[in-house]
Amino acid sequence: MKRKVSPEIEIHESQVKTTKSFSKSLSPGQNWKSKSMRIIPQENVRSNPAAFEHRVVVTVPWKNSWQLWLQRDKNGLFMIKEDWDEFVDDNLLGSDDTLHFTHQGTMYFKVRIFKKDGKEIISAPLRVEPKTEPVLPKPHNSHQEPTLVSASGGRQSFAERYILNPNNPYFEKTLTKTNKILYVSPVVIKKYDLEFSPHGSSMYFLLPDGNKLKGFTKSYGGLHAFSGWADVCQNYNLKEGDIVVCEFELSGRLVTAVRVHFVKQ
């Protein structure tokens with residue numbers, strides 16, 4: 001027998017459901033990295049302020065997660081640009097995509113991604129490798145630059161030119177305005193099958209001049225990062241737009257240090 005519900009209860013349940021979820025899609029003139037796409041709707045913040053104290057953790061159906069730190073200004077509460085841009089890039093968001101966020105408890109949100117035809121994305125999007133120009137033989141008397149080759153035998157990538165050990169995991173990073181913590185993308189962790197010390201464990205940033213700065217391993221619900229990054233940026237005058245290559249020093253699969261290479265532009 002169906003339970004009768006009063007109109008007042010139905011309205012309340014509808015409001016609770018609405019304030020526990022929100023959606024994002026592009027309007028004309030926007031792109032996914034526009035500041036307006038990073039805002040948390042005011043009605044959601046008002047209805048559940050504890051969920052938006054410092055950060056949120058968003059998880060997609062294929063179990064990858066991202067930690068998005070929050071920052072307030074006069075216009076509202078925003079996910080910081082560095083974190084949001086990483087989420088956008090990792091998920092290859094398109095202009096016709098729609099995101100649906102559902103609150104799962106405390107700071108955790110489930111995110112579902114829908115394409116224009118309404119089809120939900122349920123597995124990690126595949127990046128399409130860029131096509132390369134065919135390499136034509138040069139005359140014997142012409143000057144020929146040496147071909148850079150990676151450890152795997154292919155043409156060496158931009159970042160691989162900087163790392164000391166070709167067997168070490170690494171990733172390239174472009175600095176943004178906020179550089180307090182060095183985040184490790186779940187994609188990088190999965191690619192190299194990395195492991196991390198417990199939350200609060202000490203580690204070191206190894207710098208090009210031979211110095212090292214102390215940092216600490218941070219872990220937030222399966223997401224991993226390193227504090228102390230702000231000291232690296234300040235001491236070496238790194239600023240927005242600068243590019244670094246971060247090379248992991250390992251003990252087995254455990255990350256023990258991050259070797260930082262400054263990319264000359």
# chains A, B, ... in the order shown; residues from 1 in each chain; ligands from 1
$ select_by_dssp --residues "segment 28-77 of chain A" --states "helix (DSSP H, G or I)" --output "list in words"
Lys35, Ser36, Met37, Arg38, Gln42, Glu43, Asn44, Val45, Arg46, Ser47, Pro49, Ala50, Ala51 and Phe52 of chain A
$ residues_around --residues "segment 223-240 of chain A" --least-positions-apart "2" --cutoff "6 Å" --atoms "only C-alpha atoms" --output "PyMOL selection string"
chain A and resi 175-177+179-184+215-221+242
$ write_last_selection --atoms "all heavy atoms" --output "short mmCIF file (atom, residue, chain, number, x, y, z; two decimals), in the first residue's frame"
data_model
loop_
_atom_site.label_atom_id
_atom_site.label_comp_id
_atom_site.auth_asym_id
_atom_site.auth_seq_id
_atom_site.Cartn_x
_atom_site.Cartn_y
_atom_site.Cartn_z
N LEU A 175 52.68 26.15 -13.53
CA LEU A 175 52.25 26.78 -12.29
C LEU A 175 51.09 27.75 -12.51
O LEU A 175 51.00 28.40 -13.55
CB LEU A 175 53.42 27.51 -11.63
CG LEU A 175 54.31 26.65 -10.72
CD1 LEU A 175 55.04 25.59 -11.51
CD2 LEU A 175 55.29 27.52 -9.96
N THR A 176 50.21 27.82 -11.51
CA THR A 176 49.09 28.75 -11.53
C THR A 176 49.29 29.77 -10.41
O THR A 176 50.35 29.82 -9.78
CB THR A 176 47.76 27.99 -11.34
OG1 THR A 176 47.77 27.37 -10.05
CG2 THR A 176 47.58 26.93 -12.42
N LYS A 177 48.28 30.56 -10.13
CA LYS A 177 48.39 31.57 -9.09
C LYS A 177 48.50 30.93 -7.71
O LYS A 177 49.13 31.47 -6.81
CB LYS A 177 47.18 32.51 -9.13
CG LYS A 177 47.16 33.45 -10.32
CD LYS A 177 45.97 34.39 -10.25
CE LYS A 177 45.96 35.36 -11.43
NZ LYS A 177 44.79 36.27 -11.40
N ASN A 179 49.90 27.99 -5.51
CA ASN A 179 50.91 26.92 -5.54
C ASN A 179 51.31 26.53 -4.13
O ASN A 179 52.48 26.57 -3.76
CB ASN A 179 52.13 27.38 -6.35
CG ASN A 179 51.80 27.62 -7.80
OD1 ASN A 179 51.46 26.71 -8.54
ND2 ASN A 179 51.89 28.88 -8.22
N LYS A 180 50.33 26.18 -3.32
CA LYS A 180 50.60 25.83 -1.93
C LYS A 180 50.96 24.36 -1.76
O LYS A 180 51.79 24.02 -0.92
CB LYS A 180 49.38 26.17 -1.06
CG LYS A 180 49.07 27.66 -1.00
CD LYS A 180 47.88 27.93 -0.11
CE LYS A 180 47.57 29.44 -0.03
NZ LYS A 180 46.41 29.71 0.83
N ILE A 181 50.33 23.50 -2.53
CA ILE A 181 50.53 22.06 -2.40
C ILE A 181 50.75 21.47 -3.78
O ILE A 181 50.12 21.90 -4.76
CB ILE A 181 49.30 21.40 -1.72
CG1 ILE A 181 49.18 21.88 -0.28
CG2 ILE A 181 49.40 19.88 -1.76
CD1 ILE A 181 48.01 21.30 0.48
N LEU A 182 51.64 20.49 -3.88
CA LEU A 182 51.88 19.80 -5.14
C LEU A 182 50.98 18.57 -5.19
O LEU A 182 51.17 17.62 -4.44
CB LEU A 182 53.34 19.39 -5.27
CG LEU A 182 53.71 18.65 -6.56
CD1 LEU A 182 53.56 19.56 -7.78
CD2 LEU A 182 55.13 18.09 -6.49
N TYR A 183 50.00 18.60 -6.07
CA TYR A 183 49.07 17.48 -6.21
C TYR A 183 49.61 16.48 -7.22
O TYR A 183 50.24 16.85 -8.20
CB TYR A 183 47.71 17.97 -6.69
CG TYR A 183 47.04 18.92 -5.73
CD1 TYR A 183 47.04 20.30 -5.97
CD2 TYR A 183 46.42 18.46 -4.58
CE1 TYR A 183 46.43 21.18 -5.10
CE2 TYR A 183 45.81 19.33 -3.70
CZ TYR A 183 45.81 20.69 -3.96
OH TYR A 183 45.22 21.55 -3.09
N VAL A 184 49.33 15.20 -6.98
CA VAL A 184 49.68 14.14 -7.92
C VAL A 184 48.38 13.62 -8.53
O VAL A 184 47.51 13.12 -7.81
CB VAL A 184 50.45 12.99 -7.23
CG1 VAL A 184 50.87 11.95 -8.26
CG2 VAL A 184 51.66 13.54 -6.49
N GLY A 215 59.36 18.43 2.88
CA GLY A 215 57.92 18.50 2.69
C GLY A 215 57.26 17.35 3.44
O GLY A 215 57.93 16.57 4.13
N PHE A 216 55.94 17.25 3.28
CA PHE A 216 55.20 16.20 3.96
C PHE A 216 54.16 15.59 3.02
O PHE A 216 53.54 16.30 2.22
CB PHE A 216 54.51 16.74 5.22
CG PHE A 216 55.47 17.22 6.27
CD1 PHE A 216 55.89 18.54 6.29
CD2 PHE A 216 55.98 16.34 7.21
CE1 PHE A 216 56.79 18.98 7.24
CE2 PHE A 216 56.88 16.77 8.16
CZ PHE A 216 57.29 18.10 8.19
N THR A 217 54.02 14.29 3.12
CA THR A 217 53.02 13.59 2.32
C THR A 217 51.63 13.87 2.87
O THR A 217 51.41 13.83 4.08
CB THR A 217 53.28 12.07 2.34
OG1 THR A 217 54.59 11.82 1.83
CG2 THR A 217 52.26 11.33 1.50
N LYS A 218 50.70 14.19 1.99
CA LYS A 218 49.32 14.44 2.37
C LYS A 218 48.41 13.45 1.64
O LYS A 218 48.63 13.16 0.47
CB LYS A 218 48.91 15.88 2.03
CG LYS A 218 49.74 16.95 2.73
CD LYS A 218 49.53 16.92 4.24
CE LYS A 218 50.34 17.98 4.96
NZ LYS A 218 50.14 17.93 6.43
N SER A 219 47.42 12.95 2.34
CA SER A 219 46.48 12.00 1.75
C SER A 219 45.08 12.37 2.18
O SER A 219 44.81 12.53 3.38
CB SER A 219 46.81 10.57 2.20
OG SER A 219 45.91 9.64 1.64
N TYR A 220 44.19 12.54 1.21
CA TYR A 220 42.82 12.93 1.48
C TYR A 220 41.87 11.98 0.75
O TYR A 220 41.63 12.15 -0.44
CB TYR A 220 42.54 14.36 1.02
CG TYR A 220 43.52 15.38 1.55
CD1 TYR A 220 44.60 15.80 0.77
CD2 TYR A 220 43.37 15.93 2.81
CE1 TYR A 220 45.50 16.74 1.23
CE2 TYR A 220 44.27 16.87 3.29
CZ TYR A 220 45.33 17.28 2.49
OH TYR A 220 46.22 18.21 2.94
N GLY A 221 41.38 10.97 1.45
CA GLY A 221 40.42 10.07 0.85
C GLY A 221 40.92 9.40 -0.41
O GLY A 221 40.18 9.26 -1.38
N ASP A 242 55.19 29.45 -15.20
CA ASP A 242 56.44 28.68 -15.25
C ASP A 242 56.14 27.19 -15.37
O ASP A 242 55.12 26.71 -14.85
CB ASP A 242 57.28 28.94 -14.00
CG ASP A 242 57.90 30.33 -13.99
OD1 ASP A 242 57.90 30.98 -15.05
OD2 ASP A 242 58.37 30.77 -12.92
#
$ atom_distance --atom1 "atom CA of Glu86 of chain A" --atom2 "atom CA of Arg161 of chain A"
23.4 Å
$ closest_residue --among "A:Ala50, A:Ile39, A:Val111, A:Val245" --to "Pro169 of chain A" --atoms "only C-alpha atoms"
A:Val245
$ closest_residue --among "A:Ser23, A:Ser34, A:Ser65, A:Thr178" --to "Lys190 of chain A" --atoms "only C-alpha atoms"
A:Ser65
$ select_by_dssp --residues "segment 20-125 of chain A" --states "strand (DSSP E or B)" --output "PyMOL selection string"
chain A and resi 21-25+39+55-59+65-73+76-79+98-105+108-114+120-121
